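Input: a single structure, listed below in structure tokens.
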Amino acid sequence: MSNVSKAPPVVALAPWTLKGTIYSFMFYISPSSAQTLQDNKSLLYSPLEASSKFSDGKLVGGLASIQIIRYTESPVGPYDELVLVPGKFEYEVDAKDKDGNLKREVRRNLRVTKIYVSQEATCWNGRNNWNIPKHLADFEFKPLPNNAVRISVYPLESPSSGSERMRSKSPFFTAVYMPIGYAPSFPLSTAAAKYVGVDLTLVQPPLPSDINSSGVELVGTEQWCSVMPHEWSSKASLGWWDLKRGEATEEDALLHTGRDTEEQETGHENWWPGLSRWRIGLMMEDATINFPEGKHWAGPEE
């Protein structure tokens, strides 16, 4: 629980260069699964975006990813972040053909649909600069034996006037990352994705603002935005993710906080519906992350 800040956030326009440690894994969403997920707006979006036109886009799936990033340097200071990209979305643009005539095109690109951060300044600027639908959350990083870490992310409810932010009872995300000790580290850059035909450009619809909250960080936008971030590390390494929900630990037993309630509430055993418990993933230490200026445009005329 934290106090609501009435002070305006720090304004830090694009481009941004950040440094930190990235934990990530990828998974595949089939077209049939995408159609099912389309109706599960509470999983794909935070409540503010779920009740707005931001969630009207058609999810087509494909390569999806989760990233948890511990930024040590940024234009607004250190912070933690969880990013969900559930694959590609269809959207329409008005483009000129070779004769200069406008025509309606359907395109597909990746989209960030849910993202949590640990401080207000990055929340406001991420929304304002790139239409990234950031919301506040509490992050927990608990060290475990053999350099493993349990990561949990608890969303913070938007406050009404004069109230405090309330931490959710259950985490949106909780999992254990375990490095593979015998695997050597290696350099890695997301710039290499283009050589295997993967377009990492994010295309984000306009964001709603939260007029009912006394917090200042949930700013809205009016135009579409596309941006391609770049991540690079000279020290990337492989690890395993344990995504099982409800697996009690010795600490849970002592505190009587069994995690089986999460499975009852979500209806699926592991963090994401259809995912197996174990997934291979990456850790990128001392990474540099570049977020350039976005390209902004008005949406197609209705």
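Labeling convention for the structure tokens: chains A, B, ... as they appear, residues from 1 per chain, ligands from 1 in order of appearance.
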
Query raised in the report: Where does DSSP see strand (DSSP E) in region 94-167 of chain A, if you list the residues as a VMD selection string?
Result: chain A and resid 94 to 96 102 to 110 114 to 117 134 to 143 149 to 157 166 to 167

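Running DSSP on the backbone and keeping only alpha helix (DSSP H), the residues of region 14-165 of chain A that qualify are A:Pro31, A:Ser32, A:Ser33, A:Ala34, A:Gln35, A:Thr36, A:Leu37, A:Lys41, A:Ser42, A:Leu43, A:Leu44, A:Pro47, A:Leu48, A:Glu49, A:Ala50, A:Glu120, A:Ala121, A:Thr122, A:Cys123, A:Trp124, A:Asn125, A:Gly126, A:Arg127, A:Asn128, A:Asn129, A:Trp130.
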
Report task. Excluding region 202-213 of chain A and residues on its chain fewer than 2 positions from it, collect all residues at most 10 Å away from it, counting only C-alpha atoms, and give them as a ChimeraX atom specification. Result -> /A:4,48-57,85,88-91,107-113,127-128,130-133,157-163,199-200,215-229,294-299

Generate the output file for the selected residues, C-alpha atoms, as a tab-separated table (two decimals), in the first residue's frame.
```
chain	number	residue	atom	x	y	z
A	4	VAL	CA	-1.17	8.72	-3.78
A	48	LEU	CA	-9.00	0.68	-17.79
A	49	GLU	CA	-7.94	-0.54	-21.24
A	50	ALA	CA	-10.31	-3.53	-21.17
A	51	SER	CA	-13.29	-1.16	-20.99
A	52	SER	CA	-12.03	1.08	-23.82
A	53	LYS	CA	-11.49	0.94	-27.59
A	54	PHE	CA	-7.88	-0.08	-26.89
A	55	SER	CA	-9.13	-3.67	-26.48
A	56	ASP	CA	-11.16	-3.71	-29.72
A	57	GLY	CA	-8.26	-4.99	-31.86
A	85	VAL	CA	3.04	-9.14	-25.63
A	88	LYS	CA	0.19	-9.91	-33.25
A	89	PHE	CA	-2.97	-7.87	-33.72
A	90	GLU	CA	-4.76	-6.82	-36.88
A	91	TYR	CA	-5.38	-3.13	-37.44
A	107	ARG	CA	-1.74	-4.95	-41.22
A	108	ARG	CA	-0.42	-7.14	-38.40
A	109	ASN	CA	2.08	-6.21	-35.71
A	110	LEU	CA	3.01	-7.02	-32.14
A	111	ARG	CA	1.28	-5.11	-29.33
A	112	VAL	CA	1.89	-4.62	-25.61
A	113	THR	CA	-1.51	-5.19	-24.00
A	127	ARG	CA	1.79	6.07	-21.86
A	128	ASN	CA	2.46	9.56	-23.18
A	130	TRP	CA	4.54	5.39	-26.98
A	131	ASN	CA	0.93	4.45	-26.00
A	132	ILE	CA	2.33	1.72	-23.72
A	133	PRO	CA	-0.54	0.90	-21.28
A	157	GLU	CA	-5.66	-0.59	-7.69
A	158	SER	CA	-6.16	2.97	-8.90
A	159	PRO	CA	-7.14	5.21	-6.00
A	160	SER	CA	-10.29	7.26	-5.73
A	161	SER	CA	-10.05	10.78	-4.37
A	162	GLY	CA	-8.19	10.91	-1.07
A	163	SER	CA	-7.63	7.14	-0.83
A	199	ASP	CA	9.38	-7.97	-37.04
A	200	LEU	CA	9.55	-6.66	-33.47
A	215	GLY	CA	-3.50	9.54	-9.50
A	216	VAL	CA	-1.86	11.53	-12.29
A	217	GLU	CA	0.03	8.74	-14.05
A	218	LEU	CA	-2.82	7.26	-16.17
A	219	VAL	CA	-2.64	9.76	-19.01
A	220	GLY	CA	-4.51	9.14	-22.26
A	221	THR	CA	-3.44	9.68	-25.88
A	222	GLU	CA	-5.22	10.47	-29.15
A	223	GLN	CA	-3.04	9.00	-31.92
A	224	TRP	CA	-1.65	5.60	-32.86
A	225	CYS	CA	2.05	4.94	-32.29
A	226	SER	CA	4.60	2.48	-33.66
A	227	VAL	CA	8.03	1.91	-32.16
A	228	MET	CA	10.75	-0.75	-32.35
A	229	PRO	CA	12.74	-1.10	-29.10
A	294	GLY	CA	7.68	6.66	-31.95
A	295	LYS	CA	5.90	7.29	-35.22
A	296	HIS	CA	2.47	8.81	-34.54
A	297	TRP	CA	-0.57	9.02	-36.82
A	298	ALA	CA	-4.31	9.47	-36.68
A	299	GLY	CA	-6.35	6.30	-37.04
```

Query raised in the report: Which is closest to Pro47 (chain A) among A:Pro31, A:Pro155, A:Pro78, A:Gly87, if we use only C-alpha atoms?
Result: A:Pro155

Report task. Between CA of Arg277 (chain A) and CA of Leu63 (chain A), measure the distance and give it in Å to one decimal. Result -> 18.2 Å

Report task. Check the smallest atom-to-atom distance from each of A:Val153, A:Leu275, A:Met283, A:Leu13 to Val76 (chain A) using only C-alpha atoms, then report the winner. Result ->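 Answer, going by the shortest atom-to-atom distance: A:Leu13.
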
Report task. Find the residues near Ser189 (chain A): any atom within 7 Å, counting only C-alpha atoms, skip ones fewer than 4 places away on the same chain, and give them as a list in words. Result -> Glu231, Trp232 and Ser233 of chain A

Query raised in the report: Do you know which residues are at most 8 Å from region 286-291 of chain A counting only C-alpha atoms, after dropping those on the same chain fewer than 2 positions away, and could you put them as a PyMOL selection string?
Result: chain A and resi 14-22+227-235+284+293

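Near Ala175 (chain A), within 6 Å and counting only C-alpha atoms, sit Arg150, Ile151, Asp242 and Leu243 of chain A; same-chain residues fewer than 4 positions away were not included.
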
Please, could you write that set of residues out with all heavy atoms as a PDB file, in the first residue's frame?
```pdb
ATOM      1  N   ARG A 150      12.440 -16.004  -7.159  1.00  0.00           N
ATOM      2  CA  ARG A 150      10.989 -16.026  -7.329  1.00  0.00           C
ATOM      3  C   ARG A 150      10.524 -14.602  -7.577  1.00  0.00           C
ATOM      4  O   ARG A 150      10.787 -13.698  -6.774  1.00  0.00           O
ATOM      5  CB  ARG A 150      10.269 -16.590  -6.107  1.00  0.00           C
ATOM      6  CG  ARG A 150       8.732 -16.582  -6.280  1.00  0.00           C
ATOM      7  CD  ARG A 150       8.018 -16.956  -5.004  1.00  0.00           C
ATOM      8  NE  ARG A 150       8.296 -18.335  -4.650  1.00  0.00           N
ATOM      9  CZ  ARG A 150       8.020 -18.859  -3.463  1.00  0.00           C
ATOM     10  NH1 ARG A 150       7.506 -18.109  -2.508  1.00  0.00           N
ATOM     11  NH2 ARG A 150       8.278 -20.131  -3.218  1.00  0.00           N
ATOM     12  N   ILE A 151       9.817 -14.398  -8.685  1.00  0.00           N
ATOM     13  CA  ILE A 151       9.346 -13.076  -9.083  1.00  0.00           C
ATOM     14  C   ILE A 151       7.824 -13.048  -8.977  1.00  0.00           C
ATOM     15  O   ILE A 151       7.143 -13.908  -9.552  1.00  0.00           O
ATOM     16  CB  ILE A 151       9.784 -12.745 -10.520  1.00  0.00           C
ATOM     17  CG1 ILE A 151      11.302 -12.842 -10.655  1.00  0.00           C
ATOM     18  CG2 ILE A 151       9.293 -11.357 -10.933  1.00  0.00           C
ATOM     19  CD1 ILE A 151      11.800 -12.729 -12.081  1.00  0.00           C
ATOM     20  N   ASP A 242       9.768 -21.929 -13.845  1.00  0.00           N
ATOM     21  CA  ASP A 242       8.747 -22.766 -13.234  1.00  0.00           C
ATOM     22  C   ASP A 242       7.501 -21.896 -13.095  1.00  0.00           C
ATOM     23  O   ASP A 242       7.447 -20.982 -12.269  1.00  0.00           O
ATOM     24  CB  ASP A 242       9.213 -23.270 -11.867  1.00  0.00           C
ATOM     25  CG  ASP A 242       8.204 -24.197 -11.205  1.00  0.00           C
ATOM     26  OD1 ASP A 242       7.086 -24.359 -11.748  1.00  0.00           O
ATOM     27  OD2 ASP A 242       8.524 -24.742 -10.130  1.00  0.00           O
ATOM     28  N   LEU A 243       6.478 -22.175 -13.916  1.00  0.00           N
ATOM     29  CA  LEU A 243       5.292 -21.334 -13.987  1.00  0.00           C
ATOM     30  C   LEU A 243       4.107 -21.903 -13.221  1.00  0.00           C
ATOM     31  O   LEU A 243       2.986 -21.389 -13.328  1.00  0.00           O
ATOM     32  CB  LEU A 243       4.883 -21.144 -15.457  1.00  0.00           C
ATOM     33  CG  LEU A 243       5.943 -20.529 -16.370  1.00  0.00           C
ATOM     34  CD1 LEU A 243       5.446 -20.514 -17.811  1.00  0.00           C
ATOM     35  CD2 LEU A 243       6.307 -19.128 -15.920  1.00  0.00           C
TER      36      LEU A 243
END
```

Report summary line: A straight line from CA of Pro86 (chain A) to CA of Ser237 (chain A) spans 23.3 Å
